[in-house]
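Chemist: So I've got this file, start-v4.pdb, and it contains PDB, C-alpha atoms:
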```
ATOM      1  CA  HIS D 287       0.000   0.000   0.000
ATOM      2  CA  ARG D 288       1.223   3.490  -0.795
ATOM      3  CA  ILE D 289       0.295   6.436   1.436
ATOM      4  CA  LEU D 290       1.046  10.070   0.628
ATOM      5  CA  TYR D 291       1.179  12.329   3.666
ATOM      6  CA  ILE D 292       0.941  16.025   2.895
ATOM      7  CA  HIS D 293       2.605  18.193   5.516
ATOM      8  CA  HIS D 294       2.116  21.957   5.304
ATOM      9  CA  GLY D 295       4.170  23.263   8.240
ATOM     10  CA  ASN D 296       7.604  24.838   8.241
ATOM     11  CA  VAL D 297       8.619  24.554  11.903
ATOM     12  CA  ILE D 298       9.282  21.598  14.157
ATOM     13  CA  GLY D 299       6.486  21.270  16.690
ATOM     14  CA  GLY D 300       3.450  19.205  17.598
ATOM     15  CA  ALA D 301       2.074  18.386  14.131
ATOM     16  CA  PRO D 302       5.365  17.217  12.569
ATOM     17  CA  LYS D 303       6.320  15.306  15.703
ATOM     18  CA  SER D 304       2.914  13.600  15.766
ATOM     19  CA  LEU D 305       3.206  12.765  12.055
ATOM     20  CA  LYS D 306       6.722  11.400  12.541
ATOM     21  CA  ASN D 307       5.557   9.138  15.373
ATOM     22  CA  MET D 308       2.621   7.880  13.314
ATOM     23  CA  ILE D 309       4.865   7.147  10.326
ATOM     24  CA  ASN D 310       7.429   5.383  12.484
ATOM     25  CA  GLY D 311       4.637   3.062  13.632
ATOM     26  CA  ILE D 312       3.412   2.440  10.090
ATOM     27  CA  ASN D 313       6.921   1.835   8.773
ATOM     28  CA  ARG D 314       7.251  -1.242  10.950
ATOM     29  CA  SER D 315       4.990  -2.946   8.446
ATOM     30  CA  GLU D 316       6.540  -4.187   5.214
ATOM     31  CA  SER D 317       3.229  -3.737   3.397
ATOM     32  CA  PHE D 318       3.282   0.087   3.451
ATOM     33  CA  GLU D 319       5.256   2.504   1.346
ATOM     34  CA  VAL D 320       5.127   5.936   2.931
ATOM     35  CA  ILE D 321       5.743   9.186   1.088
ATOM     36  CA  ILE D 322       5.793  12.535   2.847
ATOM     37  CA  GLY D 323       5.217  15.551   0.659
ATOM     38  CA  CYS D 324       6.523  18.658   2.433
ATOM     39  CA  VAL D 325       5.216  22.010   1.245
ATOM     40  CA  PHE D 326       8.339  23.642   2.720
ATOM     41  CA  ASP D 327      11.862  22.398   1.965
ATOM     42  CA  SER D 328      12.898  23.092   5.561
ATOM     43  CA  MET D 329      10.942  20.037   6.780
ATOM     44  CA  ILE D 330      12.426  17.486   4.375
ATOM     45  CA  SER D 331      15.540  16.826   6.473
ATOM     46  CA  TYR D 332      13.406  16.538   9.638
ATOM     47  CA  PHE D 333      11.360  13.680   8.208
ATOM     48  CA  ASN D 334      14.113  12.077   6.124
ATOM     49  CA  GLU D 335      15.692   9.607   8.512
ATOM     50  CA  LYS D 336      17.754   6.692   7.264
ATOM     51  CA  TYR D 337      16.215   4.084   9.573
ATOM     52  CA  ASN D 338      12.846   4.377   7.823
ATOM     53  CA  LYS D 339      13.394   1.985   4.926
ATOM     54  CA  ASN D 340       9.911   2.373   3.407
ATOM     55  CA  LEU D 341       9.919   6.180   3.636
ATOM     56  CA  THR D 342      10.449   8.715   0.887
ATOM     57  CA  VAL D 343      10.387  12.436   1.656
ATOM     58  CA  ILE D 344       9.894  14.840  -1.230
ATOM     59  CA  LYS D 345       8.969  18.414  -1.986
ATOM     60  CA  TYR D 346       5.221  18.922  -2.377
ATOM     61  CA  PRO D 347       3.944  21.639  -4.726
ATOM     62  CA  GLU D 348       2.675  24.990  -3.544
ATOM     63  CA  THR D 349      -0.770  24.852  -1.966
ATOM     64  CA  ASN D 350      -3.188  27.389  -0.515
ATOM     65  CA  LEU D 351      -2.578  27.795   3.216
ATOM     66  CA  ILE D 352      -3.852  31.250   4.179
ATOM     67  CA  SER D 353      -7.324  30.722   2.732
ATOM     68  CA  GLY D 354      -7.727  27.448   4.644
ATOM     69  CA  ARG D 355      -6.856  29.284   7.839
ATOM     70  CA  LEU D 356      -9.422  31.929   7.020
ATOM     71  CA  PHE D 357     -12.087  29.304   6.283
ATOM     72  CA  LEU D 358     -11.469  27.848   9.761
ATOM     73  CA  ALA D 359     -11.370  31.290  11.396
ATOM     74  CA  TRP D 360      -7.876  30.357  12.612
ATOM     75  CA  GLY D 361      -6.297  33.194  14.550
ATOM     76  CA  GLY D 362      -9.667  34.683  15.394
ATOM     77  CA  GLY D 363     -10.624  34.983  11.741
ATOM     78  CA  ARG D 364      -8.901  38.326  11.156
ATOM     79  CA  ILE D 365     -10.467  38.661   7.746
ATOM     80  CA  ILE D 366      -9.169  42.143   6.923
ATOM     81  CA  TYR D 367      -5.552  41.111   7.603
ATOM     82  CA  LYS D 368      -5.801  38.002   5.445
ATOM     83  CA  LEU D 369      -8.278  39.144   2.816
ATOM     84  CA  LYS D 370      -5.759  40.349   0.219
ATOM     85  CA  THR D 371      -3.642  37.191   0.495
ATOM     86  CA  THR D 372      -6.748  34.996   0.520
ATOM     87  CA  LEU D 373      -8.088  36.622  -2.646
ATOM     88  CA  LYS D 374      -4.737  36.082  -4.381
ATOM     89  CA  GLU D 375      -4.772  32.433  -3.291
ATOM     90  CA  LEU D 376      -8.340  31.904  -4.435
ATOM     91  CA  LEU D 377      -7.505  33.342  -7.851
ATOM     92  CA  LYS D 378      -4.580  30.874  -8.119
ATOM     93  CA  SER D 379      -6.510  27.901  -6.717
ATOM     94  CA  ARG D 380      -7.397  26.302 -10.081
ATOM     95  CA  LYS D 381      -3.753  26.298 -11.118
ATOM     96  CA  ILE D 382      -2.633  25.032  -7.709
ATOM     97  CA  ILE D 383      -5.186  22.201  -7.728
ATOM     98  CA  LYS D 384      -4.097  21.233 -11.249
ATOM     99  CA  THR D 385      -0.427  21.136 -10.166
ATOM    100  CA  GLU D 386      -1.320  19.065  -7.101
ATOM    101  CA  ARG D 387      -3.378  16.656  -9.224
ATOM    102  CA  ILE D 388      -0.400  16.072 -11.516
ATOM    103  CA  PHE D 389       1.810  15.442  -8.479
ATOM    104  CA  ILE D 390      -0.679  13.032  -6.886
ATOM    105  CA  LYS D 391      -1.223  11.214 -10.171
ATOM    106  CA  LYS D 392       2.544  10.750 -10.574
ATOM    107  CA  ILE D 393       2.976   9.417  -7.012
ATOM    108  CA  ASN D 394      -0.190   7.300  -7.380
ATOM    109  CA  PRO D 395      -0.933   6.646  -3.699
ATOM    110  CA  GLU D 396      -3.917   4.634  -2.549
ATOM    111  CA  ILE D 397      -4.432   7.030   0.347
ATOM    112  CA  VAL D 398      -3.753  10.748   0.693
ATOM    113  CA  HIS D 399      -3.394  11.839   4.314
ATOM    114  CA  LEU D 400      -3.820  15.566   4.876
ATOM    115  CA  ASN D 401      -1.901  16.567   8.011
ATOM    116  CA  SER D 402      -3.932  19.739   8.611
ATOM    117  CA  ALA D 403      -7.484  21.017   8.393
ATOM    118  CA  ILE D 404      -6.386  23.861   6.111
ATOM    119  CA  LEU D 405      -5.354  21.745   3.088
ATOM    120  CA  TRP D 406      -8.523  22.207   1.040
ATOM    121  CA  CYS D 407      -6.825  22.418  -2.385
ATOM    122  CA  SER D 408      -4.960  19.177  -1.690
ATOM    123  CA  ALA D 409      -8.258  17.555  -0.716
ATOM    124  CA  ILE D 410      -9.876  18.611  -3.983
ATOM    125  CA  ALA D 411      -6.864  17.429  -6.008
ATOM    126  CA  ALA D 412      -6.882  14.033  -4.262
ATOM    127  CA  LYS D 413     -10.635  13.611  -4.712
ATOM    128  CA  LEU D 414     -10.395  14.505  -8.414
ATOM    129  CA  GLU D 415      -7.744  11.780  -8.726
ATOM    130  CA  ALA D 416     -10.153   9.337  -7.014
ATOM    131  CA  LYS D 417      -7.883   8.795  -4.021
ATOM    132  CA  LYS D 418      -9.033   7.902  -0.520
ATOM    133  CA  ILE D 419      -8.644  10.904   1.774
ATOM    134  CA  VAL D 420      -7.767  10.703   5.437
ATOM    135  CA  TRP D 421      -8.014  14.182   6.905
ATOM    136  CA  HIS D 422      -6.177  14.864  10.178
ATOM    137  CA  ILE D 423      -7.921  17.752  11.943
ATOM    138  CA  ARG D 424      -5.642  19.671  14.296
ATOM    139  CA  GLU D 425      -6.803  23.274  14.249
ATOM    140  CA  ALA D 426     -10.578  23.192  14.682
ATOM    141  CA  SER D 427     -10.587  23.724  18.458
ATOM    142  CA  LEU D 428      -8.856  27.054  17.901
ATOM    143  CA  LEU D 429     -12.111  28.415  16.561
ATOM    144  CA  GLY D 430     -14.175  30.998  18.320
ATOM    145  CA  LYS D 431     -17.852  31.463  17.674
ATOM    146  CA  CYS D 432     -19.574  29.639  14.854
ATOM    147  CA  ASN D 433     -19.732  31.525  11.581
ATOM    148  CA  LEU D 434     -21.130  30.760   8.141
ATOM    149  CA  ILE D 435     -17.763  30.383   6.360
ATOM    150  CA  ARG D 436     -16.528  27.930   8.976
ATOM    151  CA  PHE D 437     -19.800  25.993   8.862
ATOM    152  CA  ILE D 438     -19.544  25.643   5.064
ATOM    153  CA  TYR D 439     -15.879  24.618   5.299
ATOM    154  CA  ILE D 440     -16.543  21.994   7.962
ATOM    155  CA  THR D 441     -19.411  20.652   5.843
ATOM    156  CA  PHE D 442     -16.924  20.451   2.941
ATOM    157  CA  ILE D 443     -14.426  18.519   5.110
ATOM    158  CA  ASN D 444     -17.102  16.061   6.211
ATOM    159  CA  HIS D 445     -18.274  15.585   2.629
ATOM    160  CA  ILE D 446     -14.920  15.129   0.884
ATOM    161  CA  ALA D 447     -12.946  13.095   3.456
ATOM    162  CA  ASP D 448     -13.238   9.329   3.547
ATOM    163  CA  LYS D 449     -11.970   9.269   7.137
ATOM    164  CA  ILE D 450     -11.425  12.070   9.628
ATOM    165  CA  ILE D 451      -8.958  11.888  12.510
ATOM    166  CA  CYS D 452      -9.546  14.519  15.178
ATOM    167  CA  ILE D 453      -6.648  15.301  17.475
ATOM    168  CA  GLY D 454      -8.895  15.867  20.472
ATOM    169  CA  PRO D 455     -12.457  16.214  21.731
ATOM    170  CA  GLY D 456     -12.621  19.907  20.785
ATOM    171  CA  GLU D 457     -11.864  19.121  17.156
ATOM    172  CA  TYR D 458     -14.246  16.174  17.192
ATOM    173  CA  LYS D 459     -17.076  18.303  18.544
ATOM    174  CA  THR D 460     -16.405  21.062  16.010
ATOM    175  CA  VAL D 461     -16.001  18.865  12.949
ATOM    176  CA  ARG D 462     -18.362  15.991  13.715
ATOM    177  CA  GLY D 463     -21.050  18.119  15.366
ATOM    178  CA  ASN D 464     -21.369  16.158  18.623
TER     179      ASN D 464
END
```
In structure tokens, what does this structure look like?

Modeler:
Amino acid sequence: HRILYIHHGNVIGGAPKSLKNMINGINRSESFEVIIGCVFDSMISYFNEKYNKNLTVIKYPETNLISGRLFLAWGGGRIIYKLKTTLKELLKSRKIIKTERIFIKKINPEIVHLNSAILWCSAIAAKLEAKKIVWHIREASLLGKCNLIRFIYITFINHIADKIICIGPGEYKTVRGN
């Protein structure tokens, strides 16, 4: 089985450490080939350890990150601060999704694991390539009050993902509605 993990971060912290631990557990099995696609080059050396024989770490194409944060109201949803960048990202989203589709098609994983709730373009690209999507939700508990954009985005996540992994009860309550 081939799994493509898409990691969007550029600093060592909780999400990359959690992903590394999960991959180390999976790599004990001979039946899995694991590929980590890092959006930022700075993370490639962090994940690329020689003792992981079934692991390949590569550069992942550019993806929209600011707009995903805005959709989740991450950072209090400071729309004015992020609006210009978000609009630029949204205008580029078709091209970005196309580039990601080409990348995913070339790698040809059975499963695409999104390591963040903000990776909406990657989710669309994976779904268009008919790949199973496992979406790891880490940021949802950072949300404040419910708003329409967040509600639509969470509905999108629930619709497009084949499986959702919530990091804690706050994320589960936000994303799964319980």

Chemist: Dump as a list of chain:residue names all residues having an atom at most 10 Å from (5.5, 16.2, 11.6), computed in the file's coordinates with all atoms listed in the file.

Modeler: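 Looking at atoms near the point gives D:Tyr291, D:Ile292, D:His293, D:His294, D:Gly295, D:Asn296, D:Val297, D:Ile298, D:Gly299, D:Gly300, D:Ala301, D:Pro302, D:Lys303, D:Ser304, D:Leu305, D:Lys306, D:Asn307, D:Met308, D:Ile309, D:Ile322, D:Cys324, D:Met329, D:Tyr332, D:Phe333, D:Asn401.
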
Chemist: May I have the protein, DNA and RNA residues with any atom at most 9 Å from the point (-7.8, 17.5, -0.6), counting all atoms listed in the file, written as a PyMOL selection string?

Modeler: chain D and resi 383+398-400+405-414+419+421+443+446-447

Chemist: Would you export the selected residues with C-alpha atoms as a PDB file, in the coordinates of the input, please?

Modeler:
```
ATOM      1  CA  ILE D 383      -5.186  22.201  -7.728  1.00  0.00           C
ATOM      2  CA  VAL D 398      -3.753  10.748   0.693  1.00  0.00           C
ATOM      3  CA  HIS D 399      -3.394  11.839   4.314  1.00  0.00           C
ATOM      4  CA  LEU D 400      -3.820  15.566   4.876  1.00  0.00           C
ATOM      5  CA  LEU D 405      -5.354  21.745   3.088  1.00  0.00           C
ATOM      6  CA  TRP D 406      -8.523  22.207   1.040  1.00  0.00           C
ATOM      7  CA  CYS D 407      -6.825  22.418  -2.385  1.00  0.00           C
ATOM      8  CA  SER D 408      -4.960  19.177  -1.690  1.00  0.00           C
ATOM      9  CA  ALA D 409      -8.258  17.555  -0.716  1.00  0.00           C
ATOM     10  CA  ILE D 410      -9.876  18.611  -3.983  1.00  0.00           C
ATOM     11  CA  ALA D 411      -6.864  17.429  -6.008  1.00  0.00           C
ATOM     12  CA  ALA D 412      -6.882  14.033  -4.262  1.00  0.00           C
ATOM     13  CA  LYS D 413     -10.635  13.611  -4.712  1.00  0.00           C
ATOM     14  CA  LEU D 414     -10.395  14.505  -8.414  1.00  0.00           C
ATOM     15  CA  ILE D 419      -8.644  10.904   1.774  1.00  0.00           C
ATOM     16  CA  TRP D 421      -8.014  14.182   6.905  1.00  0.00           C
ATOM     17  CA  ILE D 443     -14.426  18.519   5.110  1.00  0.00           C
ATOM     18  CA  ILE D 446     -14.920  15.129   0.884  1.00  0.00           C
ATOM     19  CA  ALA D 447     -12.946  13.095   3.456  1.00  0.00           C
TER      20      ALA D 447
END
```

Chemist: Report the distance between CA of Thr372 (chain D) and CA of Ser353 (chain D) in Å, rounded to one decimal place.

Modeler: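 Interatomic distance, CA of Thr372 (chain D) to CA of Ser353 (chain D): 4.8 Å.
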
Chemist: For each of D:Ile440, D:Ile382, D:Leu369, D:Ile330, take the minimum atom-to-atom distance to Thr349 (chain D), counting all atoms listed in the file, then give the residue where this is smallest.

Modeler: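 Closest to Thr349 (chain D), using all atoms listed in the file: D:Ile382.
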
Chemist: Hey, what comes out of the PyMOL selection byres ((chain D and resi 439) around 10) on this file? Could you write it as a PDB file with C-alpha atoms, in the frame of the given file?

Modeler:
```pdb
ATOM      1  CA  GLY D 354      -7.727  27.448   4.644  1.00  0.00           C
ATOM      2  CA  LEU D 356      -9.422  31.929   7.020  1.00  0.00           C
ATOM      3  CA  PHE D 357     -12.087  29.304   6.283  1.00  0.00           C
ATOM      4  CA  LEU D 358     -11.469  27.848   9.761  1.00  0.00           C
ATOM      5  CA  ALA D 403      -7.484  21.017   8.393  1.00  0.00           C
ATOM      6  CA  ILE D 404      -6.386  23.861   6.111  1.00  0.00           C
ATOM      7  CA  TRP D 406      -8.523  22.207   1.040  1.00  0.00           C
ATOM      8  CA  LEU D 434     -21.130  30.760   8.141  1.00  0.00           C
ATOM      9  CA  ILE D 435     -17.763  30.383   6.360  1.00  0.00           C
ATOM     10  CA  ARG D 436     -16.528  27.930   8.976  1.00  0.00           C
ATOM     11  CA  PHE D 437     -19.800  25.993   8.862  1.00  0.00           C
ATOM     12  CA  ILE D 438     -19.544  25.643   5.064  1.00  0.00           C
ATOM     13  CA  ILE D 440     -16.543  21.994   7.962  1.00  0.00           C
ATOM     14  CA  THR D 441     -19.411  20.652   5.843  1.00  0.00           C
ATOM     15  CA  PHE D 442     -16.924  20.451   2.941  1.00  0.00           C
ATOM     16  CA  ILE D 443     -14.426  18.519   5.110  1.00  0.00           C
ATOM     17  CA  ASN D 444     -17.102  16.061   6.211  1.00  0.00           C
ATOM     18  CA  HIS D 445     -18.274  15.585   2.629  1.00  0.00           C
ATOM     19  CA  VAL D 461     -16.001  18.865  12.949  1.00  0.00           C
TER      20      VAL D 461
END
```

Chemist: Go through D:Ile312, D:Leu351, D:Ile321, D:Leu290 and flag the residue nearest Ser402 (chain D), using all atoms listed in the file for the distances.

Modeler: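 Residue with the minimum atom-to-atom distance to Ser402 (chain D): D:Leu351.
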